[in-house]
$ cat upload-v5.cif   # mmCIF, C-alpha atoms
data_protein
#
loop_
_atom_site.label_atom_id
_atom_site.label_comp_id
_atom_site.auth_asym_id
_atom_site.auth_seq_id
_atom_site.Cartn_x
_atom_site.Cartn_y
_atom_site.Cartn_z
CA MET A 134 97.30 105.42 55.13
CA ASP A 135 93.69 104.43 54.70
CA ASP A 136 92.22 100.94 54.97
CA MET A 137 92.43 100.41 51.20
CA GLU A 138 96.18 101.00 51.37
CA THR A 139 96.66 98.63 54.30
CA GLY A 140 94.76 95.86 52.52
CA MET A 141 92.19 95.57 55.33
CA ASP A 142 88.51 95.44 54.51
CA ASP A 143 85.77 97.04 56.63
CA ARG A 144 85.05 93.80 58.47
CA GLU A 145 88.71 93.33 59.50
CA THR A 146 89.01 96.98 60.49
CA GLY A 147 85.79 96.75 62.51
CA ILE A 148 87.05 93.73 64.43
CA ASP A 149 90.35 95.47 65.11
CA HIS A 150 88.51 98.56 66.39
CA ARG A 151 86.10 96.57 68.58
CA ILE A 152 88.79 94.42 70.19
CA LEU A 153 90.92 97.49 70.88
CA ALA A 154 87.97 99.39 72.39
CA ALA A 155 87.08 96.43 74.61
CA LEU A 156 90.63 96.03 75.92
CA ARG A 157 91.14 99.77 76.31
CA ALA A 158 87.98 99.81 78.47
CA ARG A 159 89.77 97.51 80.95
CA ALA A 160 91.90 100.52 81.90
CA ALA A 161 88.88 101.90 83.79
CA ASP A 162 90.26 99.81 86.65
CA PRO A 163 93.13 101.96 88.02
CA ARG A 164 95.18 98.85 88.87
CA VAL A 165 94.98 97.65 85.26
CA ALA A 166 95.82 101.12 83.94
CA THR A 167 98.81 101.43 86.27
CA ALA A 168 100.16 98.00 85.33
CA ALA A 169 99.66 98.64 81.61
CA ARG A 170 101.41 102.01 81.82
CA ALA A 171 104.32 100.48 83.76
CA LEU A 172 104.75 97.64 81.27
CA SER A 173 104.55 100.01 78.32
CA GLY A 174 107.14 102.30 79.87
CA ALA A 175 109.52 99.44 80.69
CA GLY A 176 109.28 98.12 77.15
CA GLU A 177 110.07 101.41 75.42
CA HIS A 178 112.82 100.84 72.82
CA GLY A 179 113.11 97.22 74.02
CA ALA A 180 114.79 98.47 77.22
CA LEU A 181 113.35 95.85 79.58
CA TRP A 182 114.36 92.96 77.34
CA ILE A 183 117.81 94.27 76.47
CA THR A 184 118.55 95.00 80.13
CA ALA A 185 117.33 91.53 81.13
CA GLY A 186 119.49 89.86 78.49
CA LEU A 187 122.58 91.80 79.50
CA ALA A 188 121.94 91.02 83.17
CA ALA A 189 121.60 87.32 82.36
CA ALA A 190 124.85 87.44 80.38
CA THR A 191 126.54 88.96 83.42
CA VAL A 192 125.36 86.34 85.92
CA ASP A 193 125.42 83.25 83.64
CA GLY A 194 129.06 83.25 82.63
CA ALA A 195 128.92 79.74 81.19
CA ARG A 196 126.35 80.88 78.62
CA ARG A 197 127.38 84.52 78.32
CA ASP A 198 127.80 84.33 74.53
CA ALA A 199 124.36 82.76 74.09
CA TRP A 200 122.75 85.47 76.24
CA LEU A 201 124.55 88.21 74.34
CA ARG A 202 123.43 86.71 71.03
CA ALA A 203 119.84 86.37 72.31
CA THR A 204 119.99 90.01 73.38
CA ALA A 205 121.32 91.00 69.95
CA LEU A 206 118.44 89.09 68.31
CA THR A 207 115.96 90.92 70.52
CA ALA A 208 117.48 94.31 69.71
CA GLY A 209 117.63 93.37 66.02
CA ALA A 210 113.95 92.42 66.03
CA HIS A 211 113.12 95.78 67.57
CA LEU A 212 115.11 97.59 64.87
CA ALA A 213 113.40 95.54 62.15
CA SER A 214 109.99 96.59 63.49
CA MET A 215 111.03 100.23 63.32
CA VAL A 216 112.01 99.82 59.67
CA VAL A 217 108.68 98.15 58.84
CA LYS A 218 106.85 100.87 60.76
CA ARG A 219 108.49 103.57 58.64
CA ILE A 220 107.53 101.74 55.45
CA VAL A 221 103.90 100.96 56.36
CA ARG A 222 103.18 104.25 58.19
CA ARG A 223 99.84 103.17 59.68
CA PRO A 224 98.56 105.86 62.04
CA ARG A 225 97.83 105.06 65.66
CA PRO A 226 94.20 104.37 66.61
CA PRO A 227 92.27 107.64 66.65
CA HIS A 228 89.08 106.26 68.22
CA VAL A 229 90.44 105.67 71.74
CA GLU A 230 92.18 108.01 74.16
CA PRO A 231 95.75 106.78 74.74
CA LEU A 232 97.03 106.46 78.31
CA VAL A 233 100.69 106.92 77.38
CA ARG A 234 102.78 109.02 75.06
CA THR A 235 104.45 107.24 72.19
CA ALA A 236 107.85 107.68 70.61
CA GLY A 237 106.34 107.87 67.13
CA ARG A 238 103.13 108.37 65.18
CA HIS A 239 103.00 104.99 63.48
CA SER A 240 101.55 101.82 64.90
CA PHE A 241 102.23 98.88 62.54
CA PRO A 242 103.84 96.71 63.74
CA SER A 243 104.04 97.14 67.49
CA SER A 244 107.73 97.42 68.35
CA HIS A 245 106.93 96.56 71.97
CA ALA A 246 105.32 93.30 70.81
CA THR A 247 108.21 92.58 68.47
CA SER A 248 110.94 92.92 71.08
CA ALA A 249 108.85 91.21 73.78
CA THR A 250 108.14 88.18 71.61
CA ALA A 251 111.72 87.97 70.35
CA ALA A 252 112.86 87.95 74.00
CA ALA A 253 110.23 85.36 74.91
CA VAL A 254 111.45 83.00 72.19
CA ALA A 255 115.19 83.64 72.55
CA TYR A 256 115.40 83.89 76.34
CA GLY A 257 112.83 81.12 76.77
CA ALA A 258 115.13 78.83 74.78
CA LEU A 259 117.82 79.57 77.38
CA GLY A 260 115.51 78.63 80.25
CA ALA A 261 114.09 82.02 81.22
CA TYR A 262 110.56 80.65 81.59
CA ALA A 263 109.19 83.78 83.26
CA VAL A 264 109.79 85.85 80.12
CA PRO A 265 106.98 84.49 77.88
CA PRO A 266 104.14 85.39 80.30
CA LEU A 267 105.67 88.82 80.91
CA ALA A 268 106.02 89.30 77.15
CA ALA A 269 102.34 88.38 76.66
CA ALA A 270 101.39 90.94 79.31
CA MET A 271 103.55 93.53 77.51
CA CYS A 272 101.70 92.82 74.25
CA LEU A 273 98.31 93.22 75.94
CA SER A 274 99.43 96.41 77.65
CA ARG A 275 99.77 98.13 74.28
CA LEU A 276 96.08 97.52 73.65
CA VAL A 277 95.01 98.50 77.15
CA VAL A 278 96.87 101.82 76.88
CA GLY A 279 95.20 102.35 73.50
CA VAL A 280 98.18 102.92 71.22
CA HIS A 281 97.93 99.88 68.91
CA TYR A 282 95.37 97.87 67.06
CA PRO A 283 95.34 94.11 67.77
CA SER A 284 96.67 93.50 64.24
CA ASP A 285 99.67 95.75 65.06
CA VAL A 286 100.44 93.62 68.10
CA ALA A 287 99.91 90.34 66.22
CA ALA A 288 102.21 91.47 63.40
CA GLY A 289 104.85 92.63 65.89
CA ALA A 290 104.68 89.31 67.74
CA ALA A 291 105.03 87.40 64.47
CA LEU A 292 108.03 89.51 63.45
CA GLY A 293 109.67 89.02 66.86
CA ALA A 294 109.10 85.26 66.85
CA LEU A 295 110.39 84.95 63.29
CA THR A 296 113.52 86.96 64.06
CA ALA A 297 114.31 84.87 67.14
CA ARG A 298 113.63 81.58 65.33
CA VAL A 299 115.77 82.54 62.33
CA GLY A 300 118.64 83.39 64.68
CA ALA A 301 118.17 80.40 67.01
CA ARG A 302 121.02 78.32 65.62
CA TRP A 303 123.42 81.27 65.81
CA MET A 304 122.28 82.02 69.37
CA LYS A 305 122.70 78.44 70.54
CA ALA A 306 126.17 78.26 68.96
CA GLY A 307 127.12 80.89 71.54
CA ALA A 308 126.10 78.51 74.30
CA HIS A 309 128.75 76.03 73.21
CA GLY A 310 131.39 78.48 71.95
CA ARG A 311 133.21 78.96 75.26
CA ARG A 312 133.84 75.26 75.92
CA GLY A 313 135.95 74.73 72.83
CA ARG A 314 138.11 77.85 73.20
CA ARG A 315 141.75 77.70 74.15
CA SER A 316 143.41 80.32 76.33
#
$ encode --input "upload-v5.cif" --output "structure tokens"
Amino acid sequence: MDDMETGMDDRETGIDHRILAALRARAADPRVATAARALSGAGEHGALWITAGLAAATVDGARRDAWLRATALTAGAHLASMVVKRIVRRPRPPHVEPLVRTAGRHSFPSSHATSATAAAVAYGALGAYAVPPLAAAMCLSRLVVGVHYPSDVAAGAALGALTARVGARWMKAGAHGRRGRRS
């Protein structure tokens, strides 16, 4: 899909390319490259976030339903990003050398950013305050490893936040569902 088909003009595309190139250059520091690769690997298919949600559901029995619903929202956001990706079909950035292999050829939106942001919003609402900074680092890692444009990451983050916010009432209902149940 060319820039005319994505609706981006040359100025927007140029900014996207320059920001990506600048962040990808940060990987010249081996510590940054190693951290970015590790984050990208952990976030593949939303695995880090789904595992974290299931672990929280296991240890926080009083809010197990809320954690399971938050995990379902996170997984659902990831699936939604994959559907959008198949519709848009934007190729990955060709002007930088990627540091990691990817599961697919398409980059818009970033599924890593979608699931990370959905987890940040949903799990953050349940008090997991360490998740939002880790999610932000995950989003940046996709630029540092050179597999997404900034607009891919921004769109993925928006999709993840929207999914989590739309499901917030349903998720929080799970936090109160166990108290009113009879044996």
$ residues_around --input "upload-v5.cif" --residues "segment 286-301 of chain A" --least-positions-apart "4" --cutoff "7 Å" --atoms "all atoms listed in the file" --output "list in words"
Leu206, Ala210, Ser214, Pro242, Ser243, Ser244, Ala246, Thr247, Ser248, Thr250, Ala251, Val254, Ala255, Cys272, His281, Tyr282 and Lys305 of chain A
$ atom_distance --input "upload-v5.cif" --atom1 "atom CA of Leu156 of chain A" --atom2 "atom CA of Trp182 of chain A"
24.0 Å
$ resolve_selection --input "upload-v5.cif" --expression "the PyMOL selection byres ((chain A and resi 153) around 12)" --output "number ranges by chain"
A: 146-152, 154-160, 225-231, 273-286
$ closest_residue --input "upload-v5.cif" --among "A:Met271, A:Ala166, A:Val264, A:Leu212" --to "Ala185 of chain A" --atoms "only C-alpha atoms"
A:Val264
$ closest_residue --input "upload-v5.cif" --among "A:Ala270, A:Met215, A:Ala161, A:Ala306" --to "Phe241 of chain A" --atoms "all atoms listed in the file"
A:Met215
$ closest_residue --input "upload-v5.cif" --among "A:Val217, A:Leu187, A:Leu259, A:Leu232" --to "Ala171 of chain A" --atoms "only C-alpha atoms"
A:Leu232
$ closest_residue --input "upload-v5.cif" --among "A:Pro163, A:Pro266, A:Gly260, A:Gly179" --to "Asp193 of chain A" --atoms "all atoms listed in the file"
A:Gly260
$ atom_distance --input "upload-v5.cif" --atom1 "atom CA of Ala213 of chain A" --atom2 "atom CA of Ala180 of chain A"
15.4 Å
$ decode --input "upload-v5.cif" --residues "segment 153-286 of chain A" --atoms "C-alpha atoms" --output "PDB file, in the first residue's frame"
ATOM      1  CA  LEU A 153      11.748   5.946  13.353  1.00  0.00           C
ATOM      2  CA  ALA A 154      15.315   6.379  12.078  1.00  0.00           C
ATOM      3  CA  ALA A 155      16.256   8.449  15.140  1.00  0.00           C
ATOM      4  CA  LEU A 156      14.849   5.897  17.596  1.00  0.00           C
ATOM      5  CA  ARG A 157      16.251   2.944  15.675  1.00  0.00           C
ATOM      6  CA  ALA A 158      19.683   4.612  15.944  1.00  0.00           C
ATOM      7  CA  ARG A 159      19.433   4.285  19.750  1.00  0.00           C
ATOM      8  CA  ALA A 160      19.958   0.546  19.264  1.00  0.00           C
ATOM      9  CA  ALA A 161      23.636   1.282  18.553  1.00  0.00           C
ATOM     10  CA  ASP A 162      23.975   1.015  22.335  1.00  0.00           C
ATOM     11  CA  PRO A 163      24.004  -2.773  22.956  1.00  0.00           C
ATOM     12  CA  ARG A 164      22.149  -2.336  26.262  1.00  0.00           C
ATOM     13  CA  VAL A 165      19.308  -0.518  24.505  1.00  0.00           C
ATOM     14  CA  ALA A 166      19.218  -3.106  21.711  1.00  0.00           C
ATOM     15  CA  THR A 167      19.133  -5.986  24.204  1.00  0.00           C
ATOM     16  CA  ALA A 168      16.337  -4.412  26.245  1.00  0.00           C
ATOM     17  CA  ALA A 169      14.308  -3.579  23.131  1.00  0.00           C
ATOM     18  CA  ARG A 170      14.693  -7.114  21.782  1.00  0.00           C
ATOM     19  CA  ALA A 171      13.673  -8.600  25.141  1.00  0.00           C
ATOM     20  CA  LEU A 172      10.590  -6.400  25.413  1.00  0.00           C
ATOM     21  CA  SER A 173       9.580  -7.124  21.841  1.00  0.00           C
ATOM     22  CA  GLY A 174       9.963 -10.856  22.386  1.00  0.00           C
ATOM     23  CA  ALA A 175       7.986 -10.811  25.641  1.00  0.00           C
ATOM     24  CA  GLY A 176       5.165  -8.896  23.992  1.00  0.00           C
ATOM     25  CA  GLU A 177       4.747 -11.231  21.027  1.00  0.00           C
ATOM     26  CA  HIS A 178       1.058 -12.145  20.643  1.00  0.00           C
ATOM     27  CA  GLY A 179       0.316 -10.222  23.860  1.00  0.00           C
ATOM     28  CA  ALA A 180       1.989 -13.021  25.855  1.00  0.00           C
ATOM     29  CA  LEU A 181       3.494 -10.823  28.589  1.00  0.00           C
ATOM     30  CA  TRP A 182       0.212  -9.064  29.280  1.00  0.00           C
ATOM     31  CA  ILE A 183      -1.983 -12.144  29.134  1.00  0.00           C
ATOM     32  CA  THR A 184       0.384 -14.046  31.422  1.00  0.00           C
ATOM     33  CA  ALA A 185       0.480 -11.116  33.858  1.00  0.00           C
ATOM     34  CA  GLY A 186      -3.311 -10.875  33.923  1.00  0.00           C
ATOM     35  CA  LEU A 187      -3.738 -14.586  34.514  1.00  0.00           C
ATOM     36  CA  ALA A 188      -1.106 -14.506  37.272  1.00  0.00           C
ATOM     37  CA  ALA A 189      -2.890 -11.595  38.946  1.00  0.00           C
ATOM     38  CA  ALA A 190      -6.198 -13.480  38.722  1.00  0.00           C
ATOM     39  CA  THR A 191      -4.528 -16.420  40.446  1.00  0.00           C
ATOM     40  CA  VAL A 192      -3.088 -14.448  43.363  1.00  0.00           C
ATOM     41  CA  ASP A 193      -5.895 -11.873  43.808  1.00  0.00           C
ATOM     42  CA  GLY A 194      -8.813 -14.178  44.468  1.00  0.00           C
ATOM     43  CA  ALA A 195     -11.079 -11.379  45.673  1.00  0.00           C
ATOM     44  CA  ARG A 196     -10.865  -9.715  42.254  1.00  0.00           C
ATOM     45  CA  ARG A 197     -10.290 -12.798  40.116  1.00  0.00           C
ATOM     46  CA  ASP A 198     -13.245 -12.047  37.829  1.00  0.00           C
ATOM     47  CA  ALA A 199     -12.062  -8.470  37.247  1.00  0.00           C
ATOM     48  CA  TRP A 200      -8.547  -9.674  36.393  1.00  0.00           C
ATOM     49  CA  LEU A 201      -9.903 -12.309  34.030  1.00  0.00           C
ATOM     50  CA  ARG A 202     -12.094  -9.710  32.329  1.00  0.00           C
ATOM     51  CA  ALA A 203      -9.157  -7.278  32.080  1.00  0.00           C
ATOM     52  CA  THR A 204      -7.103 -10.079  30.546  1.00  0.00           C
ATOM     53  CA  ALA A 205      -9.909 -10.832  28.085  1.00  0.00           C
ATOM     54  CA  LEU A 206     -10.029  -7.140  27.123  1.00  0.00           C
ATOM     55  CA  THR A 207      -6.280  -7.159  26.549  1.00  0.00           C
ATOM     56  CA  ALA A 208      -6.460 -10.289  24.400  1.00  0.00           C
ATOM     57  CA  GLY A 209      -9.469  -8.872  22.549  1.00  0.00           C
ATOM     58  CA  ALA A 210      -7.597  -5.654  21.802  1.00  0.00           C
ATOM     59  CA  HIS A 211      -4.721  -7.694  20.399  1.00  0.00           C
ATOM     60  CA  LEU A 212      -7.103  -9.643  18.157  1.00  0.00           C
ATOM     61  CA  ALA A 213      -8.741  -6.406  16.984  1.00  0.00           C
ATOM     62  CA  SER A 214      -5.332  -5.044  15.970  1.00  0.00           C
ATOM     63  CA  MET A 215      -4.673  -8.166  13.926  1.00  0.00           C
ATOM     64  CA  VAL A 216      -7.965  -7.694  12.071  1.00  0.00           C
ATOM     65  CA  VAL A 217      -7.161  -4.037  11.333  1.00  0.00           C
ATOM     66  CA  LYS A 218      -3.657  -5.034  10.234  1.00  0.00           C
ATOM     67  CA  ARG A 219      -5.088  -7.474   7.689  1.00  0.00           C
ATOM     68  CA  ILE A 220      -7.420  -4.797   6.329  1.00  0.00           C
ATOM     69  CA  VAL A 221      -4.881  -1.948   6.105  1.00  0.00           C
ATOM     70  CA  ARG A 222      -1.907  -4.094   4.986  1.00  0.00           C
ATOM     71  CA  ARG A 223       0.738  -1.383   5.452  1.00  0.00           C
ATOM     72  CA  PRO A 224       4.197  -2.859   4.869  1.00  0.00           C
ATOM     73  CA  ARG A 225       6.841  -2.699   7.563  1.00  0.00           C
ATOM     74  CA  PRO A 226       9.441   0.081   7.298  1.00  0.00           C
ATOM     75  CA  PRO A 227      11.910  -0.758   4.535  1.00  0.00           C
ATOM     76  CA  HIS A 228      14.403   2.023   5.298  1.00  0.00           C
ATOM     77  CA  VAL A 229      15.787   0.599   8.566  1.00  0.00           C
ATOM     78  CA  GLU A 230      17.314  -2.773   9.364  1.00  0.00           C
ATOM     79  CA  PRO A 231      15.070  -4.602  11.858  1.00  0.00           C
ATOM     80  CA  LEU A 232      16.643  -6.154  14.948  1.00  0.00           C
ATOM     81  CA  VAL A 233      13.945  -8.800  15.384  1.00  0.00           C
ATOM     82  CA  ARG A 234      11.875 -11.111  13.249  1.00  0.00           C
ATOM     83  CA  THR A 235       8.180 -10.398  13.048  1.00  0.00           C
ATOM     84  CA  ALA A 236       5.189 -12.696  12.962  1.00  0.00           C
ATOM     85  CA  GLY A 237       3.774 -10.910   9.920  1.00  0.00           C
ATOM     86  CA  ARG A 238       4.560  -8.521   7.093  1.00  0.00           C
ATOM     87  CA  HIS A 239       2.154  -5.750   8.038  1.00  0.00           C
ATOM     88  CA  SER A 240       2.801  -2.958  10.483  1.00  0.00           C
ATOM     89  CA  PHE A 241      -0.389  -0.898  10.996  1.00  0.00           C
ATOM     90  CA  PRO A 242      -1.372  -0.866  13.791  1.00  0.00           C
ATOM     91  CA  SER A 243       1.271  -2.209  16.128  1.00  0.00           C
ATOM     92  CA  SER A 244      -0.268  -5.197  17.896  1.00  0.00           C
ATOM     93  CA  HIS A 245       2.396  -4.943  20.602  1.00  0.00           C
ATOM     94  CA  ALA A 246       1.317  -1.341  21.297  1.00  0.00           C
ATOM     95  CA  THR A 247      -2.346  -2.327  21.230  1.00  0.00           C
ATOM     96  CA  SER A 248      -2.062  -5.110  23.798  1.00  0.00           C
ATOM     97  CA  ALA A 249       0.418  -3.147  25.937  1.00  0.00           C
ATOM     98  CA  THR A 250      -1.828  -0.095  26.133  1.00  0.00           C
ATOM     99  CA  ALA A 251      -4.958  -2.169  26.734  1.00  0.00           C
ATOM    100  CA  ALA A 252      -3.126  -3.837  29.641  1.00  0.00           C
ATOM    101  CA  ALA A 253      -1.893  -0.481  30.935  1.00  0.00           C
ATOM    102  CA  VAL A 254      -5.429   0.901  31.037  1.00  0.00           C
ATOM    103  CA  ALA A 255      -7.211  -2.240  32.259  1.00  0.00           C
ATOM    104  CA  TYR A 256      -4.619  -3.477  34.749  1.00  0.00           C
ATOM    105  CA  GLY A 257      -3.825   0.067  35.851  1.00  0.00           C
ATOM    106  CA  ALA A 258      -7.488   0.472  36.810  1.00  0.00           C
ATOM    107  CA  LEU A 259      -7.035  -2.541  39.089  1.00  0.00           C
ATOM    108  CA  GLY A 260      -4.006  -0.996  40.776  1.00  0.00           C
ATOM    109  CA  ALA A 261      -1.157  -2.498  38.762  1.00  0.00           C
ATOM    110  CA  TYR A 262       0.712   0.803  38.574  1.00  0.00           C
ATOM    111  CA  ALA A 263       3.919  -0.734  37.210  1.00  0.00           C
ATOM    112  CA  VAL A 264       2.174  -1.776  33.994  1.00  0.00           C
ATOM    113  CA  PRO A 265       1.807   1.656  32.299  1.00  0.00           C
ATOM    114  CA  PRO A 266       5.562   2.459  32.314  1.00  0.00           C
ATOM    115  CA  LEU A 267       6.369  -1.056  31.120  1.00  0.00           C
ATOM    116  CA  ALA A 268       3.739  -0.704  28.392  1.00  0.00           C
ATOM    117  CA  ALA A 269       5.284   2.606  27.287  1.00  0.00           C
ATOM    118  CA  ALA A 270       8.685   0.916  27.100  1.00  0.00           C
ATOM    119  CA  MET A 271       7.123  -1.889  25.032  1.00  0.00           C
ATOM    120  CA  CYS A 272       5.718   0.677  22.591  1.00  0.00           C
ATOM    121  CA  LEU A 273       9.103   2.382  22.234  1.00  0.00           C
ATOM    122  CA  SER A 274      10.840  -0.960  21.775  1.00  0.00           C
ATOM    123  CA  ARG A 275       8.957  -1.528  18.527  1.00  0.00           C
ATOM    124  CA  LEU A 276      10.536   1.626  17.127  1.00  0.00           C
ATOM    125  CA  VAL A 277      13.992   0.867  18.477  1.00  0.00           C
ATOM    126  CA  VAL A 278      13.956  -2.588  16.870  1.00  0.00           C
ATOM    127  CA  GLY A 279      12.832  -0.947  13.622  1.00  0.00           C
ATOM    128  CA  VAL A 280       9.659  -2.868  12.820  1.00  0.00           C
ATOM    129  CA  HIS A 281       7.033  -0.097  13.098  1.00  0.00           C
ATOM    130  CA  TYR A 282       6.536   3.502  12.169  1.00  0.00           C
ATOM    131  CA  PRO A 283       5.587   5.865  15.028  1.00  0.00           C
ATOM    132  CA  SER A 284       2.102   6.191  13.514  1.00  0.00           C
ATOM    133  CA  ASP A 285       1.707   2.381  13.750  1.00  0.00           C
ATOM    134  CA  VAL A 286       2.530   2.523  17.451  1.00  0.00           C
TER     135      VAL A 286
END
